[in-house]
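J.: Have a look at this one.
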2 protein chains.
Amino acid sequence: MQLLASYLAGKWSPGSGAKQSLVNPTTEEVLAEVHTGGHDLAAAFQHARTAGARELAGMTFAQRGAVLAALAKAIHGAREELIALAVANGGNTRGDAKFDIDGGAVTLSHYAQLGEKLGSAPLLGDGEPIQVGRTARMGGQHVWARRRGVAVHINAFNFPAWGLCEKLACALLAGMPVISKPATATALVAHRLAQLFEPLLPAGALQVLIGPAGALLDTLVPGDVVAFTGGSDTAKMLRNKLPEPVRLNIEADSLNAAVLGPDVDLGSEAGALFLADVARDMTQKTGQKCTAIRRVLVPEARFAEVCDALKERVSAIAVGDPSREDVRMGPVATAQQHKDVKAGIARLAAATDSVYGGTGEITPVGVAAGKGYFIGPVLRSTRDPMNCAPLNEHEVFGPVSTIGLYNGDAAFAADFIARGEGCLVSSAYSDDREWVATFVGAAAPWAGRLYLGSSKMASQSPGPGTVLPSLLHGGPGRAGGGEELGGERGLQFYMQRCALEGDASVLKTLIGG
Amino acid sequence: MQLLASYLAGKWSPGSGAKQSLVNPTTEEVLAEVHTGGHDLAAAFQHARTAGARELAGMTFAQRGAVLAALAKAIHGAREELIALAVANGGNTRGDAKFDIDGGAVTLSHYAQLGEKLGSAPLLGDGEPIQVGRTARMGGQHVWARRRGVAVHINAFNFPAWGLCEKLACALLAGMPVISKPATATALVAHRLAQLFEPLLPAGALQVLIGPAGALLDTLVPGDVVAFTGGSDTAKMLRNKLPEPVRLNIEADSLNAAVLGPDVDLGSEAGALFLADVARDMTQKTGQKCTAIRRVLVPEARFAEVCDALKERVSAIAVGDPSREDVRMGPVATAQQHKDVKAGIARLAAATDSVYGGTGEITPVGVAAGKGYFIGPVLRSTRDPMNCAPLNEHEVFGPVSTIGLYNGDAAFAADFIARGEGCLVSSAYSDDREWVATFVGAAAPWAGRLYLGSSKMASQSPGPGTVLPSLLHGGPGRAGGGEELGGERGLQFYMQRCALEGDASVLKTLIGG
């Protein structure tokens, strides 16, 4: 039995004490074990604060970017091996696994290029120089400065590769050493990445704790930061546990919506894009995507037609052993997720009508009877989506969407986005520019990203569920209020914005001018 | 006896029940009273969410800016009256009062001009358009969107005019209706401002609660924001009390430092600037300035000389009745502040040496014996500033500074800034560009603003203690991690950043292009 070690304080150490198993969610077979404790976390922080901080401080943005490029290359070199681990430990289909792993590599490459662009600037300028005195001599210049301290990353089980890479890319490029904690249940991919990355990184730049967090948050000091992706309950615990001066970025629950504009025929390019996006973004990774489409809003005139079309699409998805080529959707990742999703479906079922899939019972393809954490795609519907509390207040983290109807009004659609109390992404499909402008103006404050589908986008769109390194990832309210990625914006969490005030010619030299 | 009313839900209402007194801190005479409760705060929030939101949504940035310009004009028109209220209720000298009141007007004017510049853009663009698809057709554009909800402002006692105006300017320009709660003890100035502003503002745009907060934070919903200025203890309470999805900006304690570079002779222009800034920024407003200089760092060779020079300057400051023209420093604002500052001085006294002023005992000029909350300027010194915990860990909110010595090393000076665990502003005085570059690189992550004094700045500098609307106000760590002002940056707390993804030509029109 493989025993996963953590990479801490420059060494691979297995920990000690009680053990936890990592299983294959398709077969329930145990794949590896990890000790639940026994690590010297104080030594890990010390290593980050000394070696890690020193190494990264001595490098320019361009040099740190070159390291990120090497990490991306390492992923490409081990791609097949990583995909196999994701299929086994994550219940991913090959497509799901590539989405996670290639997404991680793409994000590293994006920040590698950004590093090259930022070059050797000692501080990053924020905006233009300003005159603050009576003459141009006395100036102001806002800058972003590398924060001193350690970045602790706590990642979710659904994206073991991408989650590790996207947070790491931003922190390392900004110049902060990282201690990363993948979710234990699906840690095989992250563990392998840590092995691949280790020889490519400066000492102390990345440490990876495999297993429970333990005392990971108990020794934080001012200057440190914590970036968390996961559920709202854990997020709330974190907020209350952290010492005041430690910055916290949260990506939590999100009730993402997709809205069909009243101008769109299902037979049009925009209509086909809408159907394809909804069907994919509710079933990809078995719906275990923080950007998955949970709520669908459709004009009353097309309600029945959309229900039929989506039913047809999701019913065609073969569910079962994700290592099989004919299977398009695997199990959810853990027994606990299975239980939670079933409970969420039951809550929804009490307030909505079934369109397809009942409450998720399914006989998976190629799986031993009674084994695996399988849930079939579930489509529900409601004629009163705005007042359906289970729909708008509880994220069901599985292949489950609910179709609601509306009168086609853009303001109502935006209110429906708002009813989710803050989301990572929502989408609207329309070729009516006036409708889109009204929708965006009212929906934008409730979303970290708005995806605007249209006939012109049909041929080249990755859909709303794909997080891009150049665009912000995060959302207000229920989604946690965080901001990750978005190109240079992604560095800001790891830096301090500071207003410099003084001799304008001195300020210019400080940002490398 | 004047009974102060609150302006809530479109009406002036006195509240009911128990009363609290506002006193003159020089004479201890009661100036006015306020009921401690009896307000219908639910109606106030409802008014903001309906009338206030509707009115502001219907206005462009330029139109909101024009309102701010009118508010600034109203302050100018009532300047003498406001100064008199600040002298009586705040213990302000005329200069202190002008610093607060003119500062408020300047900030309103700054944001009025920004509004004019932003014009009628429906959404504010953030950065340039990006290509996110395979062709230029599919684009990304980050925008800032007006947040729906109510902005609650909780202000500190020391800047009743500026505090109200600077928060109001940013929120209103961004388009959020405001409920502002001035500190009760010094509320006469804010109350008068509310009276002056009321006829100039759209319905529901500004409501002002005079008196204790009561249930002010109990009915917040997602989309609302709270901006708080005050002590760390209240800030901590707020963090724990607020519902998760409500954004919170905090300006709290700050142990601002001023560093003399090793190249600067006291007799030089830079040396004179240093001495003038320290003497002013420890005694202006009787040291009740969140940006006051609490910690002074001086090269060993000039330690005695600086102690003597500062002693000479602060000993020349006449302390007493601030309504007298010959008086340069008044009392602290309340009996509680007096008690807290005395306790802080005692804590410092146990770990430092006296340079001037003992523990603050003083016989104020023109004040009846035993009356008033007076504390004289206090200068302390230490030869080991880095290890002096009371100096680096407790803000004493009065006319108190401590002079420490160091070896002139820029890295040590930056570490000393960091030892305060995050501050609003710190300053360094040097004409040595290399020393300055080293200092800034290491100190910037620990400060919201760094003021760089030099011989070239001597003639036109407002000093580090003056917050400018064009530069960021806020600081990391102990200072609360907030950001206010900084020109357009000040609007961001009241807006949501959203990534738009879609047809590039559509995105362009959405930001008014």
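Identifiers in the structure tokens: chain A, B, ... in order shown; residue index from 1 per chain; ligand index from 1 in order shown.
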So which residues touch A:Asp40 within 12 Å, counting only C-alpha atoms, skipping near sequence neighbours fewer than 5 positions away, as a PDB file with all heavy atoms, in the first residue's frame?
T.:
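Result saved to result_12.pdb:
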```
ATOM      1  N   SER A   6       4.413  13.915   2.867  1.00  0.00           N
ATOM      2  CA  SER A   6       4.302  15.364   2.646  1.00  0.00           C
ATOM      3  C   SER A   6       5.687  15.917   2.395  1.00  0.00           C
ATOM      4  O   SER A   6       6.685  15.364   2.855  1.00  0.00           O
ATOM      5  CB  SER A   6       3.708  16.030   3.883  1.00  0.00           C
ATOM      6  OG  SER A   6       2.363  15.637   4.059  1.00  0.00           O
ATOM      7  N   TYR A   7       5.742  17.021   1.646  1.00  0.00           N
ATOM      8  CA  TYR A   7       7.029  17.661   1.408  1.00  0.00           C
ATOM      9  C   TYR A   7       7.106  18.930   2.252  1.00  0.00           C
ATOM     10  O   TYR A   7       6.498  19.937   1.938  1.00  0.00           O
ATOM     11  CB  TYR A   7       7.205  17.981  -0.077  1.00  0.00           C
ATOM     12  CG  TYR A   7       8.569  18.546  -0.388  1.00  0.00           C
ATOM     13  CD1 TYR A   7       9.711  17.753  -0.254  1.00  0.00           C
ATOM     14  CD2 TYR A   7       8.720  19.875  -0.778  1.00  0.00           C
ATOM     15  CE1 TYR A   7      10.965  18.263  -0.521  1.00  0.00           C
ATOM     16  CE2 TYR A   7       9.982  20.396  -1.038  1.00  0.00           C
ATOM     17  CZ  TYR A   7      11.100  19.588  -0.909  1.00  0.00           C
ATOM     18  OH  TYR A   7      12.347  20.092  -1.166  1.00  0.00           O
ATOM     19  N   LEU A   8       7.826  18.822   3.363  1.00  0.00           N
ATOM     20  CA  LEU A   8       7.878  19.907   4.345  1.00  0.00           C
ATOM     21  C   LEU A   8       9.314  20.132   4.786  1.00  0.00           C
ATOM     22  O   LEU A   8      10.063  19.172   4.974  1.00  0.00           O
ATOM     23  CB  LEU A   8       7.016  19.550   5.566  1.00  0.00           C
ATOM     24  CG  LEU A   8       5.504  19.355   5.308  1.00  0.00           C
ATOM     25  CD1 LEU A   8       4.832  18.722   6.511  1.00  0.00           C
ATOM     26  CD2 LEU A   8       4.842  20.678   4.948  1.00  0.00           C
ATOM     27  N   ALA A   9       9.686  21.386   4.951  1.00  0.00           N
ATOM     28  CA  ALA A   9      11.018  21.742   5.441  1.00  0.00           C
ATOM     29  C   ALA A   9      12.125  21.049   4.646  1.00  0.00           C
ATOM     30  O   ALA A   9      13.123  20.585   5.208  1.00  0.00           O
ATOM     31  CB  ALA A   9      11.134  21.438   6.941  1.00  0.00           C
ATOM     32  N   GLY A  10      11.915  20.948   3.329  1.00  0.00           N
ATOM     33  CA  GLY A  10      12.958  20.412   2.456  1.00  0.00           C
ATOM     34  C   GLY A  10      13.072  18.907   2.443  1.00  0.00           C
ATOM     35  O   GLY A  10      13.996  18.358   1.846  1.00  0.00           O
ATOM     36  N   LYS A  11      12.136  18.223   3.101  1.00  0.00           N
ATOM     37  CA  LYS A  11      12.208  16.748   3.164  1.00  0.00           C
ATOM     38  C   LYS A  11      10.835  16.129   2.896  1.00  0.00           C
ATOM     39  O   LYS A  11       9.805  16.715   3.213  1.00  0.00           O
ATOM     40  CB  LYS A  11      12.649  16.305   4.567  1.00  0.00           C
ATOM     41  CG  LYS A  11      14.084  16.615   4.903  1.00  0.00           C
ATOM     42  CD  LYS A  11      14.518  15.897   6.176  1.00  0.00           C
ATOM     43  CE  LYS A  11      13.701  16.296   7.377  1.00  0.00           C
ATOM     44  NZ  LYS A  11      14.074  17.608   7.930  1.00  0.00           N
ATOM     45  N   TRP A  12      10.873  14.918   2.370  1.00  0.00           N
ATOM     46  CA  TRP A  12       9.634  14.131   2.261  1.00  0.00           C
ATOM     47  C   TRP A  12       9.444  13.392   3.568  1.00  0.00           C
ATOM     48  O   TRP A  12      10.283  12.601   3.969  1.00  0.00           O
ATOM     49  CB  TRP A  12       9.734  13.150   1.099  1.00  0.00           C
ATOM     50  CG  TRP A  12       9.644  13.842  -0.229  1.00  0.00           C
ATOM     51  CD1 TRP A  12      10.675  14.235  -1.014  1.00  0.00           C
ATOM     52  CD2 TRP A  12       8.443  14.253  -0.884  1.00  0.00           C
ATOM     53  NE1 TRP A  12      10.210  14.876  -2.133  1.00  0.00           N
ATOM     54  CE2 TRP A  12       8.832  14.902  -2.086  1.00  0.00           C
ATOM     55  CE3 TRP A  12       7.079  14.155  -0.599  1.00  0.00           C
ATOM     56  CZ2 TRP A  12       7.905  15.439  -2.984  1.00  0.00           C
ATOM     57  CZ3 TRP A  12       6.170  14.683  -1.494  1.00  0.00           C
ATOM     58  CH2 TRP A  12       6.585  15.324  -2.670  1.00  0.00           C
ATOM     59  N   SER A  13       8.336  13.661   4.251  1.00  0.00           N
ATOM     60  CA  SER A  13       8.131  12.984   5.529  1.00  0.00           C
ATOM     61  C   SER A  13       6.723  12.395   5.571  1.00  0.00           C
ATOM     62  O   SER A  13       5.748  13.041   5.205  1.00  0.00           O
ATOM     63  CB  SER A  13       8.343  13.958   6.682  1.00  0.00           C
ATOM     64  OG  SER A  13       7.610  15.139   6.467  1.00  0.00           O
ATOM     65  N   PRO A  14       6.635  11.126   6.034  1.00  0.00           N
ATOM     66  CA  PRO A  14       5.359  10.428   6.004  1.00  0.00           C
ATOM     67  C   PRO A  14       4.412  10.815   7.132  1.00  0.00           C
ATOM     68  O   PRO A  14       3.245  10.464   7.090  1.00  0.00           O
ATOM     69  CB  PRO A  14       5.782   8.961   6.137  1.00  0.00           C
ATOM     70  CG  PRO A  14       7.068   9.010   6.895  1.00  0.00           C
ATOM     71  CD  PRO A  14       7.739  10.295   6.528  1.00  0.00           C
ATOM     72  N   GLY A  15       4.910  11.557   8.140  1.00  0.00           N
ATOM     73  CA  GLY A  15       4.076  11.795   9.315  1.00  0.00           C
ATOM     74  C   GLY A  15       3.989  10.542  10.159  1.00  0.00           C
ATOM     75  O   GLY A  15       4.756   9.592   9.958  1.00  0.00           O
ATOM     76  N   SER A  16       3.043  10.523  11.096  1.00  0.00           N
ATOM     77  CA  SER A  16       2.913   9.359  11.963  1.00  0.00           C
ATOM     78  C   SER A  16       1.510   9.317  12.545  1.00  0.00           C
ATOM     79  O   SER A  16       0.717  10.222  12.357  1.00  0.00           O
ATOM     80  CB  SER A  16       3.955   9.435  13.086  1.00  0.00           C
ATOM     81  OG  SER A  16       3.737  10.620  13.846  1.00  0.00           O
ATOM     82  N   PHE A  45       6.931  26.231   8.494  1.00  0.00           N
ATOM     83  CA  PHE A  45       6.780  27.687   8.410  1.00  0.00           C
ATOM     84  C   PHE A  45       8.136  28.381   8.508  1.00  0.00           C
ATOM     85  O   PHE A  45       8.420  29.332   7.785  1.00  0.00           O
ATOM     86  CB  PHE A  45       5.830  28.198   9.508  1.00  0.00           C
ATOM     87  CG  PHE A  45       4.391  28.124   9.108  1.00  0.00           C
ATOM     88  CD1 PHE A  45       3.617  27.027   9.458  1.00  0.00           C
ATOM     89  CD2 PHE A  45       3.815  29.126   8.350  1.00  0.00           C
ATOM     90  CE1 PHE A  45       2.284  26.940   9.063  1.00  0.00           C
ATOM     91  CE2 PHE A  45       2.485  29.052   7.948  1.00  0.00           C
ATOM     92  CZ  PHE A  45       1.714  27.954   8.309  1.00  0.00           C
ATOM     93  N   GLN A  46       8.966  27.866   9.393  1.00  0.00           N
ATOM     94  CA  GLN A  46      10.298  28.449   9.556  1.00  0.00           C
ATOM     95  C   GLN A  46      11.082  28.346   8.237  1.00  0.00           C
ATOM     96  O   GLN A  46      11.745  29.306   7.821  1.00  0.00           O
ATOM     97  CB  GLN A  46      11.029  27.721  10.698  1.00  0.00           C
ATOM     98  CG  GLN A  46      12.342  28.337  11.101  1.00  0.00           C
ATOM     99  CD  GLN A  46      12.195  29.796  11.525  1.00  0.00           C
ATOM    100  OE1 GLN A  46      11.118  30.241  11.916  1.00  0.00           O
ATOM    101  NE2 GLN A  46      13.277  30.575  11.408  1.00  0.00           N
ATOM    102  N   HIS A  47      10.983  27.222   7.591  1.00  0.00           N
ATOM    103  CA  HIS A  47      11.664  27.001   6.310  1.00  0.00           C
ATOM    104  C   HIS A  47      11.156  27.988   5.250  1.00  0.00           C
ATOM    105  O   HIS A  47      11.936  28.569   4.492  1.00  0.00           O
ATOM    106  CB  HIS A  47      11.415  25.555   5.866  1.00  0.00           C
ATOM    107  CG  HIS A  47      12.195  25.129   4.650  1.00  0.00           C
ATOM    108  ND1 HIS A  47      13.574  25.213   4.587  1.00  0.00           N
ATOM    109  CD2 HIS A  47      11.783  24.614   3.467  1.00  0.00           C
ATOM    110  CE1 HIS A  47      13.975  24.762   3.394  1.00  0.00           C
ATOM    111  NE2 HIS A  47      12.903  24.401   2.702  1.00  0.00           N
ATOM    112  N   LEU A 209       1.464  19.815   2.235  1.00  0.00           N
ATOM    113  CA  LEU A 209       1.002  18.965   3.330  1.00  0.00           C
ATOM    114  C   LEU A 209      -0.103  18.058   2.812  1.00  0.00           C
ATOM    115  O   LEU A 209      -1.174  18.531   2.429  1.00  0.00           O
ATOM    116  CB  LEU A 209       0.464  19.845   4.479  1.00  0.00           C
ATOM    117  CG  LEU A 209      -0.247  19.087   5.614  1.00  0.00           C
ATOM    118  CD1 LEU A 209       0.728  18.164   6.349  1.00  0.00           C
ATOM    119  CD2 LEU A 209      -0.906  20.064   6.593  1.00  0.00           C
ATOM    120  N   GLY A 214      -4.576  19.856  10.508  1.00  0.00           N
ATOM    121  CA  GLY A 214      -3.967  19.874  11.840  1.00  0.00           C
ATOM    122  C   GLY A 214      -3.800  21.295  12.333  1.00  0.00           C
ATOM    123  O   GLY A 214      -4.725  22.103  12.306  1.00  0.00           O
ATOM    124  N   ALA A 215      -2.568  21.618  12.745  1.00  0.00           N
ATOM    125  CA  ALA A 215      -2.290  22.933  13.337  1.00  0.00           C
ATOM    126  C   ALA A 215      -1.826  23.937  12.286  1.00  0.00           C
ATOM    127  O   ALA A 215      -1.198  24.944  12.617  1.00  0.00           O
ATOM    128  CB  ALA A 215      -1.236  22.769  14.433  1.00  0.00           C
ATOM    129  N   LEU A 216      -2.154  23.686  11.029  1.00  0.00           N
ATOM    130  CA  LEU A 216      -1.621  24.507   9.929  1.00  0.00           C
ATOM    131  C   LEU A 216      -1.896  25.997  10.100  1.00  0.00           C
ATOM    132  O   LEU A 216      -1.107  26.842   9.677  1.00  0.00           O
ATOM    133  CB  LEU A 216      -2.210  24.012   8.603  1.00  0.00           C
ATOM    134  CG  LEU A 216      -1.663  24.615   7.309  1.00  0.00           C
ATOM    135  CD1 LEU A 216      -0.176  24.327   7.152  1.00  0.00           C
ATOM    136  CD2 LEU A 216      -2.426  24.080   6.098  1.00  0.00           C
ATOM    137  N   THR A 219      -0.097  28.934  13.614  1.00  0.00           N
ATOM    138  CA  THR A 219       1.132  29.698  13.837  1.00  0.00           C
ATOM    139  C   THR A 219       1.263  30.855  12.858  1.00  0.00           C
ATOM    140  O   THR A 219       2.355  31.336  12.595  1.00  0.00           O
ATOM    141  CB  THR A 219       2.365  28.783  13.700  1.00  0.00           C
ATOM    142  OG1 THR A 219       2.296  28.113  12.451  1.00  0.00           O
ATOM    143  CG2 THR A 219       2.430  27.771  14.814  1.00  0.00           C
TER     144      THR A 219
END
```
J.: Could you please tell me, as number ranges by chain, which residues of chain B have an atom within 6 Å of chain A when using only C-alpha atoms?
T.: B: 145, 147, 222, 245, 444-445, 448-452, 471-472, 477-478, 496, 498-502
J.: Output N, CA, C and O atoms for every residue in that selection, as a short mmCIF file (atom, residue, chain, number, x, y, z; two decimals), in the first residue's frame.
T.:
```cif
data_model
loop_
_atom_site.label_atom_id
_atom_site.label_comp_id
_atom_site.auth_asym_id
_atom_site.auth_seq_id
_atom_site.Cartn_x
_atom_site.Cartn_y
_atom_site.Cartn_z
N ALA B 145 -18.87 47.49 -11.10
CA ALA B 145 -20.31 47.76 -11.13
C ALA B 145 -20.77 48.25 -9.76
O ALA B 145 -20.33 47.73 -8.72
N ARG B 147 -22.51 48.48 -6.48
CA ARG B 147 -23.11 47.44 -5.64
C ARG B 147 -24.51 47.84 -5.22
O ARG B 147 -24.76 49.00 -4.93
N PRO B 222 -26.86 40.64 2.13
CA PRO B 222 -25.80 40.61 1.12
C PRO B 222 -25.93 41.79 0.16
O PRO B 222 -27.03 42.14 -0.25
N PRO B 245 -21.74 37.57 4.20
CA PRO B 245 -21.60 38.19 2.88
C PRO B 245 -21.55 39.70 2.89
O PRO B 245 -21.64 40.32 1.85
N ALA B 444 7.43 48.94 2.30
CA ALA B 444 6.14 49.14 1.61
C ALA B 444 5.08 48.09 1.94
O ALA B 444 3.91 48.44 2.08
N PRO B 445 5.44 46.80 2.09
CA PRO B 445 4.37 45.85 2.41
C PRO B 445 3.74 46.06 3.79
O PRO B 445 2.73 45.44 4.08
N GLY B 448 0.22 51.48 4.41
CA GLY B 448 -0.70 51.90 3.35
C GLY B 448 -0.15 53.09 2.58
O GLY B 448 -0.50 53.32 1.42
N ARG B 449 0.72 53.86 3.25
CA ARG B 449 1.35 55.00 2.58
C ARG B 449 2.73 55.20 3.17
O ARG B 449 2.93 55.00 4.37
N LEU B 450 3.69 55.54 2.32
CA LEU B 450 5.03 55.89 2.78
C LEU B 450 5.32 57.30 2.30
O LEU B 450 5.27 57.59 1.09
N TYR B 451 5.64 58.14 3.25
CA TYR B 451 5.95 59.53 2.94
C TYR B 451 7.47 59.68 2.95
O TYR B 451 8.13 59.33 3.93
N LEU B 452 8.02 60.17 1.83
CA LEU B 452 9.47 60.27 1.69
C LEU B 452 9.89 61.72 1.74
O LEU B 452 9.81 62.45 0.74
N LEU B 471 -4.48 59.91 -2.68
CA LEU B 471 -3.64 58.78 -2.26
C LEU B 471 -4.41 57.88 -1.29
O LEU B 471 -5.24 58.35 -0.52
N LEU B 472 -4.08 56.62 -1.36
CA LEU B 472 -4.72 55.61 -0.53
C LEU B 472 -4.63 55.93 0.95
O LEU B 472 -3.59 56.38 1.43
N GLY B 477 -2.55 44.64 8.19
CA GLY B 477 -2.35 44.12 9.54
C GLY B 477 -3.10 44.88 10.61
O GLY B 477 -4.31 45.05 10.54
N ARG B 478 -2.35 45.35 11.61
CA ARG B 478 -2.95 46.03 12.76
C ARG B 478 -3.85 47.19 12.33
O ARG B 478 -4.86 47.48 12.98
N GLN B 496 -18.49 46.19 -7.30
CA GLN B 496 -18.06 44.81 -7.46
C GLN B 496 -17.26 44.70 -8.75
O GLN B 496 -17.69 45.18 -9.79
N CYS B 498 -16.16 42.71 -11.82
CA CYS B 498 -16.77 41.59 -12.56
C CYS B 498 -16.05 41.46 -13.90
O CYS B 498 -15.79 42.44 -14.58
N ALA B 499 -15.73 40.22 -14.26
CA ALA B 499 -15.12 39.95 -15.56
C ALA B 499 -16.23 39.66 -16.56
O ALA B 499 -17.02 38.75 -16.36
N LEU B 500 -16.30 40.46 -17.61
CA LEU B 500 -17.27 40.19 -18.67
C LEU B 500 -16.58 39.43 -19.79
O LEU B 500 -15.45 39.75 -20.17
N GLU B 501 -17.27 38.43 -20.32
CA GLU B 501 -16.68 37.54 -21.32
C GLU B 501 -17.70 37.39 -22.44
O GLU B 501 -18.84 37.01 -22.19
N GLY B 502 -17.31 37.74 -23.64
CA GLY B 502 -18.26 37.61 -24.75
C GLY B 502 -17.77 38.34 -26.00
O GLY B 502 -16.56 38.56 -26.18
#
```
J.: DSSP on the backbone: which residues in stretch 127-223 of chain A end up as strand (DSSP E or B)? Give the answer as a list of chain:residue names.
T.: A:Gly127, A:Glu128, A:Pro129, A:Ile130, A:Gln131, A:Met138, A:Gly139, A:Gly140, A:Gln141, A:His142, A:Val143, A:Trp144, A:Ala145, A:Arg146, A:Ala151, A:Val152, A:His153, A:Ile154, A:Val178, A:Ile179, A:Ser180, A:Lys181, A:Leu206, A:Gln207, A:Val208, A:Pro222
J.: Using backbone DSSP assignments, extract all alpha helix (DSSP H) residues from stretch 213-412 of chain A; output them as an NGL selection string.
T.: :A and (232-241 or 269-283 or 303-315 or 335-349 or 389-393 or 410-412)
J.: Rounded to one decimal, what separation in Å do you get between atom CA of A:Asp326 and atom CA of A:Thr93?
T.: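 Computing the Euclidean distance for atom CA of A:Asp326 and atom CA of A:Thr93 yields 9.7 Å.
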